[in-house]
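Undergrad: What follows is a single structure, and I will ask about it in a moment.
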Amino acid sequence: MVYRELIFRRRQRDPLKALMRALVASKTAISRINAIESRVSSRREYLLQTAVKLEDMGNDFLAKKYVEEAKRLENILVRLNYIKLVLEKLSLTLELNIEFRRFSQELSGVIEVVNMLKKLPESTIPEFSLTIHEIESNVREALDNASFEMGYTAVAPVNVSSEEAARLLEEAKAIAKHKLLGELEAK
């Protein structure tokens with residue numbers, strides 16, 4: 001009987017490792033957004049250069065269409081910058097939670113911000129959606145195993161207050177809600 005109990009008991013995992021994996025996933029998401037941003041920016045520049053050439057050749061109608069497309073790409077760049085800002089704030093929040101060894105206090109807020117990011121149309125980009133899913137699953141794992149204490153103590157004195165992590169998370173929520181989701185509802 002005792003052996004069955006040991007076999008079916010769920011193995012506890014280290015919440016610190018889960019948060020570290022979530023932090024790596026958030027940094028990866030930022031670098032992937034940077035790569036996407038670079039591609040969109042270079043395409044926008046190409047369209048503008050082509051529009052200038054077309055206008056010089058006398059094809060004003062086609063040049064106007066190229067400029068319109070470049071304006072749409074500029075709007076996409078603005079949205080990508082907001083997403084990157086939200087991810088950077090999430091990354092800082094995760095770093096502060098790791099530093100303070102807090103595995104449950106603000107992590108529910110991180111899940112809330114990740115759920116907002118999943119509602120964006122940009123979340124259909126495979127490179128971005130995979131890292132968002134990674135962040136979510138690792139933070140959920142840290143939340144599930146928050147009661148599992150590994151006996152960690154802070155190594156160095158901490159100069160930043162816990163309100164800083166909460167403030168960063170609130171800023172990320174506000175940007176995601178008002179700038180990204182609010183913009184979609186307005187259209």
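By convention in this document, the chains of the structure tokens carry letters A, B, ... by their order, each chain's residues are numbered from 1, and ligands are numbered from 1 in the order they are shown.
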Need the shell around A:Val24: protein/DNA/RNA residues with any atom at most 12 Å away, counting only C-alpha atoms. Skip same-chain ones fewer than 6 positions apart. Format as a ChimeraX atom specification?

TA: /A:17-18,30-31,87-88,90-92,94-95,131-132,134-135,138-139

Undergrad: Determine the nearest neighbour of A:Asn75 from the options A:Ser137, A:Thr93, A:Gln49, A:Ser41, counting only C-alpha atoms.

TA: A:Ser41

Undergrad: Closest to A:His133 among A:Ala176, A:Ser26, A:Val40, A:Leu16, using only C-alpha atoms?

TA: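 With only C-alpha atoms as the atom set, the closest residue is A:Ser26.
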
Undergrad: Restricting the calculation to only C-alpha atoms: of A:Leu107, A:Ala63, A:Ile98, A:Lys118, which residue gets closest to A:Asp144?

TA: A:Leu107

Undergrad: With only C-alpha atoms as the counted atoms, please give the residues lying no more than 12 Å from A:Glu55, apart from itself and same-chain residues fewer than 6 positions off, as a list in words.

TA: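 My list of contacting residues is Leu48, Gln49, Phe61, Leu62, Ala63, Lys64, Lys65, Tyr66 and Val67 of chain A.
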
Undergrad: Enumerate as a PyMOL selection string all residues of stretch 23-149 of chain A assigned to alpha helix (DSSP H) by DSSP on the backbone, naming them with the chain letters and numbers the document uses.

TA: chain A and resi 23-57+60-100+107-118+126-144

Undergrad: So, counting only C-alpha atoms, which residue among A:Gly109, A:Pro126, A:Gly58, A:Pro121 is closest to A:Leu169?

TA: A:Gly109

Undergrad: Pick out the closest residue to A:Leu181 from this set: A:Val78, A:Ile111, A:Leu73, A:Leu117. Count only C-alpha atoms.

TA: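 Closest residue, counting only C-alpha atoms: A:Leu117.
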
Undergrad: Quick one: of A:Asn81, A:Thr28, A:Ser108, A:Asn59, who's nearest to A:Phe128, counting only C-alpha atoms?

TA: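 When distances to A:Phe128 are compared using only C-alpha atoms, the smallest one comes from A:Thr28.
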